[in-house]
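This is target-v2.txt (compact mmCIF, C-alpha atoms).
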```
# COMPACT_ATOMS: atom_id res chain seq x y z
CA MET A 1 24.29 12.50 21.88
CA ASP A 2 22.22 11.43 24.88
CA GLN A 3 20.68 8.00 25.32
CA ALA A 4 17.18 9.11 24.19
CA ALA A 5 18.54 10.65 20.98
CA ILE A 6 20.50 7.45 20.21
CA LEU A 7 17.35 5.34 20.71
CA ASP A 8 15.31 7.74 18.56
CA HIS A 9 17.90 7.40 15.82
CA GLN A 10 17.91 3.59 16.04
CA PHE A 11 14.12 3.37 15.93
CA ARG A 12 13.95 5.79 12.98
CA VAL A 13 16.54 3.72 11.09
CA ALA A 14 14.65 0.51 11.95
CA ALA A 15 11.41 2.00 10.55
CA TYR A 16 13.08 3.07 7.30
CA VAL A 17 14.88 -0.25 6.88
CA ALA A 18 11.66 -2.22 7.58
CA THR A 19 9.85 -0.12 4.95
CA TRP A 20 12.46 -0.87 2.29
CA VAL A 21 12.69 -4.56 3.19
CA ILE A 22 8.90 -4.90 2.72
CA GLN A 23 8.80 -2.86 -0.51
CA LEU A 24 11.85 -4.40 -2.16
CA GLY A 25 10.88 -7.87 -0.94
CA TYR A 26 7.52 -7.49 -2.67
CA LEU A 27 9.19 -6.18 -5.84
CA ALA A 28 11.52 -9.19 -5.83
CA TRP A 29 8.52 -11.52 -5.42
CA LEU A 30 6.89 -9.84 -8.43
CA GLY A 31 10.10 -10.41 -10.39
CA LEU A 32 10.10 -14.13 -9.55
CA LYS A 33 6.44 -14.41 -10.50
CA TRP A 34 7.13 -12.63 -13.79
CA ARG A 35 9.92 -15.09 -14.58
CA SER A 36 7.80 -18.13 -13.83
CA LEU A 37 4.93 -16.82 -15.98
CA LYS A 38 7.31 -16.12 -18.84
CA ARG A 39 8.44 -19.74 -18.64
CA ALA A 40 4.82 -20.95 -18.55
CA GLU A 41 4.02 -18.88 -21.65
CA LYS A 42 6.60 -20.72 -23.76
CA PRO A 43 5.06 -23.70 -25.58
CA MET B 1 8.14 3.88 -27.26
CA LYS B 2 6.08 2.19 -24.53
CA LYS B 3 9.23 0.61 -23.07
CA PHE B 4 11.03 3.96 -23.14
CA ALA B 5 8.17 5.68 -21.30
CA ALA B 6 8.13 2.90 -18.70
CA LEU B 7 11.89 3.19 -18.19
CA LEU B 8 11.59 6.96 -17.85
CA TYR B 9 8.87 6.51 -15.25
CA VAL B 10 11.01 4.07 -13.25
CA LEU B 11 13.96 6.48 -13.36
CA LEU B 12 11.76 9.36 -12.26
CA THR B 13 10.34 7.28 -9.40
CA VAL B 14 13.79 6.21 -8.17
CA THR B 15 14.99 9.84 -8.33
CA LEU B 16 11.91 10.92 -6.36
CA MET B 17 12.61 8.25 -3.74
CA PHE B 18 16.18 9.50 -3.24
CA TRP B 19 14.98 13.11 -3.19
CA GLY B 20 12.27 12.24 -0.68
CA TYR B 21 14.83 10.53 1.56
CA TYR B 22 17.15 13.54 1.33
CA GLN B 23 14.26 15.86 2.26
CA ALA B 24 13.19 13.66 5.18
CA ILE B 25 16.66 13.31 6.68
CA TYR B 26 18.57 16.46 5.76
CA VAL B 27 15.99 19.17 5.05
CA ALA B 28 13.20 18.65 7.61
CA PRO B 29 14.22 19.83 11.09
CA ASN B 30 13.93 17.66 14.18
CA ASP B 31 10.56 18.03 15.92
CA ALA B 32 10.84 20.16 19.07
CA MET B 33 8.98 17.56 21.20
CA GLN B 34 9.74 14.26 19.50
CA GLY B 35 13.24 14.77 18.12
CA GLU B 36 14.35 12.46 15.33
CA ILE B 37 11.66 9.81 15.84
CA PHE B 38 9.20 12.26 14.26
CA ARG B 39 10.84 11.57 10.87
CA ILE B 40 9.01 8.23 10.73
CA ILE B 41 5.97 10.28 9.67
CA PHE B 42 7.57 10.74 6.23
CA TYR B 43 7.21 7.01 5.57
CA HIS B 44 4.28 6.14 7.85
CA VAL B 45 1.61 8.61 6.69
CA PRO B 46 2.30 8.40 2.91
CA SER B 47 2.17 4.59 3.19
CA PHE B 48 -1.36 4.72 4.57
CA ALA B 49 -2.39 7.45 2.10
CA VAL B 50 -1.22 5.26 -0.81
CA ALA B 51 -2.82 2.15 0.74
CA PHE B 52 -6.17 3.94 0.94
CA VAL B 53 -5.95 5.04 -2.70
CA PHE B 54 -5.21 1.46 -3.79
CA PHE B 55 -7.98 -0.02 -1.66
CA ALA B 56 -10.27 2.49 -3.40
CA THR B 57 -8.87 1.24 -6.74
CA SER B 58 -9.66 -2.31 -5.69
CA PHE B 59 -13.16 -1.19 -4.69
CA ALA B 60 -13.72 0.40 -8.13
CA GLY B 61 -12.32 -2.70 -9.87
CA SER B 62 -14.59 -4.98 -7.82
CA ILE B 63 -17.69 -2.96 -8.67
CA ALA B 64 -16.71 -2.87 -12.36
CA PHE B 65 -16.17 -6.65 -12.32
CA LEU B 66 -19.64 -7.26 -10.90
CA ALA B 67 -21.15 -4.83 -13.43
CA PHE B 68 -19.38 -6.31 -16.48
CA ARG B 69 -19.15 -10.02 -15.66
CA ARG B 70 -22.27 -11.12 -17.58
CA ASN B 71 -22.24 -8.93 -20.71
CA PHE B 72 -18.60 -7.85 -21.12
CA PRO B 73 -16.35 -10.71 -19.98
CA ASP B 74 -13.15 -9.12 -21.35
CA ARG B 75 -13.74 -5.87 -19.49
CA ALA B 76 -14.66 -7.86 -16.38
CA GLN B 77 -11.28 -9.62 -16.48
CA ILE B 78 -9.46 -6.27 -16.73
CA ALA B 79 -11.50 -4.94 -13.78
CA ASP B 80 -10.74 -8.10 -11.79
CA ALA B 81 -7.00 -7.76 -12.44
CA LEU B 82 -7.16 -4.13 -11.28
CA ALA B 83 -9.09 -5.13 -8.14
CA LEU B 84 -6.50 -7.78 -7.28
CA ALA B 85 -3.52 -5.49 -7.98
CA GLY B 86 -5.06 -2.69 -5.89
CA ALA B 87 -5.76 -5.01 -2.96
CA GLU B 88 -2.33 -6.64 -3.00
CA VAL B 89 -0.30 -3.42 -3.31
CA GLY B 90 -2.63 -1.82 -0.74
CA VAL B 91 -1.80 -4.63 1.70
CA VAL B 92 1.93 -4.06 1.13
CA PHE B 93 1.60 -0.35 1.97
CA CYS B 94 -0.72 -1.08 4.90
CA THR B 95 1.88 -3.56 6.23
CA VAL B 96 4.51 -0.80 6.05
CA GLY B 97 2.21 1.53 8.00
CA LEU B 98 1.45 -1.13 10.61
CA THR B 99 5.19 -1.83 11.02
CA THR B 100 6.44 1.75 11.22
CA GLY B 101 3.59 2.86 13.51
CA PRO B 102 4.54 0.65 16.48
CA LEU B 103 8.22 1.63 16.07
CA TRP B 104 7.16 5.26 16.48
CA GLY B 105 4.69 4.40 19.26
CA ARG B 106 7.33 2.59 21.33
CA ARG B 107 9.41 5.77 21.53
CA ALA B 108 6.59 8.33 21.65
CA TRP B 109 4.13 6.50 23.93
CA GLY B 110 6.33 3.87 25.55
CA ILE B 111 4.17 1.06 24.12
CA TRP B 112 4.22 -0.86 20.85
CA TRP B 113 0.47 -1.17 20.46
CA THR B 114 -2.83 -0.22 22.02
CA TRP B 115 -6.35 -1.27 21.10
CA ASP B 116 -7.66 2.20 20.33
CA ALA B 117 -10.17 2.85 17.54
CA ARG B 118 -7.65 4.03 14.91
CA LEU B 119 -5.20 1.18 15.39
CA THR B 120 -7.86 -1.52 15.74
CA THR B 121 -9.84 -0.47 12.65
CA THR B 122 -6.58 -0.34 10.68
CA LEU B 123 -5.66 -3.86 11.77
CA VAL B 124 -9.17 -5.03 10.81
CA LEU B 125 -8.72 -3.39 7.38
CA TRP B 126 -5.42 -5.22 6.90
CA LEU B 127 -6.98 -8.54 8.00
CA ILE B 128 -9.92 -8.10 5.58
CA TYR B 129 -7.59 -7.57 2.62
CA VAL B 130 -5.29 -10.41 3.67
CA SER B 131 -8.42 -12.62 3.71
CA TYR B 132 -9.23 -11.30 0.23
CA LEU B 133 -5.78 -12.37 -1.01
CA LEU B 134 -6.07 -15.77 0.72
CA LEU B 135 -9.48 -16.29 -0.88
CA ARG B 136 -8.01 -15.53 -4.30
CA ARG B 137 -5.07 -17.84 -3.65
CA PHE B 138 -6.90 -20.88 -2.31
CA ALA B 139 -10.51 -20.77 -3.54
CA ALA B 140 -11.24 -22.38 -6.88
CA GLY B 141 -14.14 -22.46 -9.29
CA PRO B 142 -16.09 -19.92 -11.33
CA GLN B 143 -17.49 -18.13 -8.27
CA MET B 144 -14.10 -17.18 -6.83
CA GLN B 145 -13.82 -13.83 -8.65
CA THR B 146 -17.40 -12.88 -7.69
CA LEU B 147 -16.83 -13.74 -4.03
CA ALA B 148 -13.55 -11.81 -4.05
CA ALA B 149 -15.27 -8.77 -5.60
CA VAL B 150 -17.94 -8.79 -2.88
CA LEU B 151 -15.27 -9.08 -0.16
CA GLY B 152 -13.29 -6.27 -1.85
CA ILE B 153 -16.32 -3.99 -1.68
CA PHE B 154 -16.97 -4.79 1.99
CA GLY B 155 -13.28 -4.30 2.81
CA ALA B 156 -13.23 -0.83 1.30
CA LEU B 157 -16.09 0.20 3.57
CA ASP B 158 -13.61 0.08 6.46
CA VAL B 159 -11.37 2.74 4.84
CA PRO B 160 -13.55 5.76 5.76
CA ILE B 161 -13.99 4.31 9.27
CA VAL B 162 -10.20 4.11 9.67
CA TYR B 163 -9.84 7.66 8.35
CA MET B 164 -12.49 9.07 10.67
CA ALA B 165 -11.60 6.96 13.73
CA ASN B 166 -9.48 9.63 15.44
CA ARG B 167 -12.11 12.27 14.63
CA TRP B 168 -15.10 10.29 15.92
CA TRP B 169 -13.49 8.74 19.02
CA ARG B 170 -10.84 9.69 21.54
CA THR B 171 -7.77 7.73 20.59
CA GLN B 172 -4.22 7.19 21.75
CA HIS B 173 -3.25 7.79 18.13
CA PRO B 174 -2.44 11.47 17.51
CA ALA B 175 -5.27 13.74 16.33
CA PRO B 176 -5.32 14.48 12.59
CA VAL B 177 -2.38 16.59 11.48
CA PHE B 178 -4.02 17.62 8.22
CA GLY B 179 -7.66 18.67 8.16
CA GLY B 180 -7.95 18.35 11.92
CA ALA B 181 -9.13 20.76 14.62
CA PRO B 182 -8.17 24.46 14.51
CA GLY B 183 -4.49 24.81 15.29
CA SER B 184 -3.61 21.41 13.83
CA GLY B 185 -1.11 21.14 11.02
CA MET B 186 2.57 20.89 10.36
CA ASP B 187 5.31 23.48 10.62
CA PRO B 188 5.90 24.98 7.12
CA SER B 189 9.51 23.72 7.20
CA MET B 190 8.19 20.14 7.39
CA VAL B 191 5.40 20.41 4.81
CA GLY B 192 7.75 20.39 1.79
CA PRO B 193 9.59 17.20 2.82
CA PHE B 194 6.26 15.57 3.67
CA LEU B 195 4.73 16.38 0.26
CA TRP B 196 7.86 15.18 -1.57
CA ASN B 197 7.68 11.86 0.25
CA LEU B 198 3.96 11.59 -0.43
CA LEU B 199 4.61 12.11 -4.13
CA ALA B 200 7.55 9.69 -4.15
CA TRP B 201 5.61 6.90 -2.43
CA PHE B 202 2.63 7.46 -4.67
CA ALA B 203 4.88 7.18 -7.75
CA TRP B 204 6.43 4.01 -6.31
CA GLY B 205 2.98 2.58 -5.59
CA VAL B 206 1.72 3.25 -9.12
CA MET B 207 4.83 1.56 -10.49
CA ILE B 208 4.36 -1.68 -8.53
CA LEU B 209 0.59 -1.57 -9.14
CA ALA B 210 1.25 -1.43 -12.89
CA ILE B 211 3.65 -4.39 -12.67
CA ARG B 212 1.16 -6.44 -10.60
CA PHE B 213 -1.69 -5.57 -12.99
CA ARG B 214 0.33 -6.69 -16.04
CA LEU B 215 1.30 -9.90 -14.26
CA GLU B 216 -2.32 -10.72 -13.52
CA ARG B 217 -3.37 -10.01 -17.11
CA LYS B 218 -0.59 -12.33 -18.30
CA GLN B 219 -1.79 -15.02 -15.89
CA GLN B 220 -5.38 -14.61 -17.14
CA ARG B 221 -4.24 -15.06 -20.75
CA ILE B 222 -2.28 -18.21 -19.89
CA ALA B 223 -5.28 -19.63 -18.00
CA GLU B 224 -7.54 -18.84 -20.96
CA LYS B 225 -5.15 -20.52 -23.40
CA GLU B 226 -4.95 -23.61 -21.19
CA ALA B 227 -8.74 -23.77 -20.94
CA GLN B 228 -9.08 -23.54 -24.73
CA ALA B 229 -6.42 -26.19 -25.25
CA ALA B 230 -8.25 -28.48 -22.82
CA LEU B 231 -11.50 -27.98 -24.74
CA THR B 232 -9.97 -28.77 -28.13
CA ALA B 233 -7.96 -31.76 -26.86
```
Mind turning this structure into structure tokens?
Amino acid sequence: MDQAAILDHQFRVAAYVATWVIQLGYLAWLGLKWRSLKRAEKP
Amino acid sequence: MKKFAALLYVLLTVTLMFWGYYQAIYVAPNDAMQGEIFRIIFYHVPSFAVAFVFFATSFAGSIAFLAFRRNFPDRAQIADALALAGAEVGVVFCTVGLTTGPLWGRRAWGIWWTWDARLTTTLVLWLIYVSYLLLRRFAAGPQMQTLAAVLGIFGALDVPIVYMANRWWRTQHPAPVFGGAPGSGMDPSMVGPFLWNLLAWFAWGVMILAIRFRLERKQQRIAEKEAQAALTA
């Protein structure tokens, strides 16, 4: 593998990882919000 | 039954995500000019497509809120929750697009960013909807929902400008791949993986939109209960 192909691979992996970090991070935030609202609902 | 359907939908979405990833990495060939970096398109373009659909959802919710707020308060609250969910999930997908784009640009163009029409209008779109979310978070009082609805409508007006930017002006951003000039388009071997990823990201988006919408409805009910309790106290 030449240097350009290695860099292409690294940048592609970085883009995919960044996508999943953002999406799963948001999903986790929704989960935390859900939990706190469930607590608030209880009398 | 409702829970079962929801679980089935989540399972289907997760399967689609794995299938989309498999298609993007193992089925689609490397681009002759760009090599592997081209594969970012399978996450980048669907993210913006989904973001645009959800900003349109927010737009529809905002209009419905303004239409219903005086005579149908219950419907107005549902519309407001939809507008908020659409804007928030749209921002998440827009953030993904604005993150993956520069990673592609650095390898393809040699620069992370340039102030061309497509990139600038997209950043403006993101900033408008971030302002919308900040307004909803920090403004208080009975006018907050109305102000947010108006901002949501203005924000959505930027979507067609973003879409048309690389058709109306010469941009550093590539010309449209789909629906562009004659000769534009994707190699047939790449279309399948692209469409699978589009479907997978759309399914994922609908899933998190549904969660966010339910959360907001729950929050509205709690706020209503608290307001009633305060009145009777």
Exercise. How many Å lie between atom CA of Glu226 of chain B and atom CA of Leu209 of chain B, rounded to one decimal?
Worked result: 25.7 Å
Exercise. Using all atoms listed in the file, which residue out of B:Thr13, B:Gln143, B:Gln228, B:Ala165 lies closest to Leu66 of chain B?
Worked result: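 Of B:Thr13, B:Gln143, B:Gln228, B:Ala165, the one nearest Leu66 of chain B, counting all atoms listed in the file, is B:Gln143.
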Excluding segment 34-43 of chain A and any residue of its chain fewer than 5 positions from it, enumerate the residues within 8 Å of it, using only C-alpha atoms, and give them as a PDB file with C-alpha atoms, in the frame of the given file.
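Output saved as selection_15.pdb:
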```pdb
ATOM      1  CA  LEU B 215       1.300  -9.900 -14.260  1.00  0.00           C
ATOM      2  CA  LYS B 218      -0.590 -12.330 -18.300  1.00  0.00           C
ATOM      3  CA  GLN B 219      -1.790 -15.020 -15.890  1.00  0.00           C
ATOM      4  CA  ILE B 222      -2.280 -18.210 -19.890  1.00  0.00           C
TER       5      ILE B 222
END
```
Exercise. By how many Å are atom CA of Ser189 of chain B and atom CA of Pro29 of chain B apart?
Worked result: 7.2 Å
For this session: Counting all atoms listed in the file, collect the residues of chain B whose closest atom lies at most 9 Å from chain A, and write them out as a list in words.
Result: Gln34, Gly35, Glu36, Ile37, Phe38, Arg39, Ile40, Tyr43, His44, Val89, Val92, Phe93, Thr95, Val96, Gly97, Thr99, Thr100, Gly101, Leu103, Trp104, Arg106, Arg107, Ile208, Ile211, Arg212, Leu215, Lys218, Gln219 and Ile222 of chain B
Go ahead and dump the residues you just picked, C-alpha atoms, as a PDB file, in the frame of the given file.
```pdb
ATOM      1  CA  GLN B  34       9.740  14.260  19.500  1.00  0.00           C
ATOM      2  CA  GLY B  35      13.240  14.770  18.120  1.00  0.00           C
ATOM      3  CA  GLU B  36      14.350  12.460  15.330  1.00  0.00           C
ATOM      4  CA  ILE B  37      11.660   9.810  15.840  1.00  0.00           C
ATOM      5  CA  PHE B  38       9.200  12.260  14.260  1.00  0.00           C
ATOM      6  CA  ARG B  39      10.840  11.570  10.870  1.00  0.00           C
ATOM      7  CA  ILE B  40       9.010   8.230  10.730  1.00  0.00           C
ATOM      8  CA  TYR B  43       7.210   7.010   5.570  1.00  0.00           C
ATOM      9  CA  HIS B  44       4.280   6.140   7.850  1.00  0.00           C
ATOM     10  CA  VAL B  89      -0.300  -3.420  -3.310  1.00  0.00           C
ATOM     11  CA  VAL B  92       1.930  -4.060   1.130  1.00  0.00           C
ATOM     12  CA  PHE B  93       1.600  -0.350   1.970  1.00  0.00           C
ATOM     13  CA  THR B  95       1.880  -3.560   6.230  1.00  0.00           C
ATOM     14  CA  VAL B  96       4.510  -0.800   6.050  1.00  0.00           C
ATOM     15  CA  GLY B  97       2.210   1.530   8.000  1.00  0.00           C
ATOM     16  CA  THR B  99       5.190  -1.830  11.020  1.00  0.00           C
ATOM     17  CA  THR B 100       6.440   1.750  11.220  1.00  0.00           C
ATOM     18  CA  GLY B 101       3.590   2.860  13.510  1.00  0.00           C
ATOM     19  CA  LEU B 103       8.220   1.630  16.070  1.00  0.00           C
ATOM     20  CA  TRP B 104       7.160   5.260  16.480  1.00  0.00           C
ATOM     21  CA  ARG B 106       7.330   2.590  21.330  1.00  0.00           C
ATOM     22  CA  ARG B 107       9.410   5.770  21.530  1.00  0.00           C
ATOM     23  CA  ILE B 208       4.360  -1.680  -8.530  1.00  0.00           C
ATOM     24  CA  ILE B 211       3.650  -4.390 -12.670  1.00  0.00           C
ATOM     25  CA  ARG B 212       1.160  -6.440 -10.600  1.00  0.00           C
ATOM     26  CA  LEU B 215       1.300  -9.900 -14.260  1.00  0.00           C
ATOM     27  CA  LYS B 218      -0.590 -12.330 -18.300  1.00  0.00           C
ATOM     28  CA  GLN B 219      -1.790 -15.020 -15.890  1.00  0.00           C
ATOM     29  CA  ILE B 222      -2.280 -18.210 -19.890  1.00  0.00           C
TER      30      ILE B 222
END
```
Exercise. Which value, in Å to one decimal, gives the distance between atom CA of Val53 of chain B and atom CA of Phe213 of chain B?
Worked result: 15.4 Å
Padding of 4 Å on every side, edges along x, y and z, all listed atoms of segment 128-134 of chain B included: what centre and edge lengths in Å, to one decimal, does that box have, as AutoDock Vina command-line options?
```
--center_x -7.6 --center_y -11.7 --center_z 2.3 --size_x 12.6 --size_y 16.2 --size_z 14.6
```
Exercise. Pick from B:Cys94, B:Ile41, B:Leu123, B:Ala6: nearest to Ile25 of chain B, with all atoms listed in the file counted?
Worked result: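 Result for the nearest residue to Ile25 of chain B: B:Ile41.
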For this session: List the neighbours of Phe194 of chain B out to 6 Å using all atoms listed in the file; skip same-chain residues closer than 3 positions along the sequence, and give me the result as JSON, numbers by chain.
Result: {"B": [42, 191, 197]}
Exercise. Counting all atoms listed in the file, which residues come within 10 Å of (-5.1, -0.6, -2.0), with the point read in the file's coordinates, and could you list them as a ChimeraX atom specification?
Worked result: /B:48-59,83-94,129,152,156,159,205,209
Problem set entry | 9 Å contact set for Leu119 of chain B, all atoms listed in the file, chain neighbours under 2 positions out, as a ChimeraX atom specification | /B:98,113-117,121-124,162,165,171-173
Exercise. Residues around (8.6, 7.7, -4.1), cut-off 7 Å, counting all atoms listed in the file - what are they as a list of chain:residue names?
Worked result: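 The distance filter leaves exactly B:Thr13, B:Val14, B:Leu16, B:Met17, B:Gly20, B:Asn197, B:Leu199, B:Ala200, B:Trp201, B:Phe202, B:Ala203, B:Trp204.
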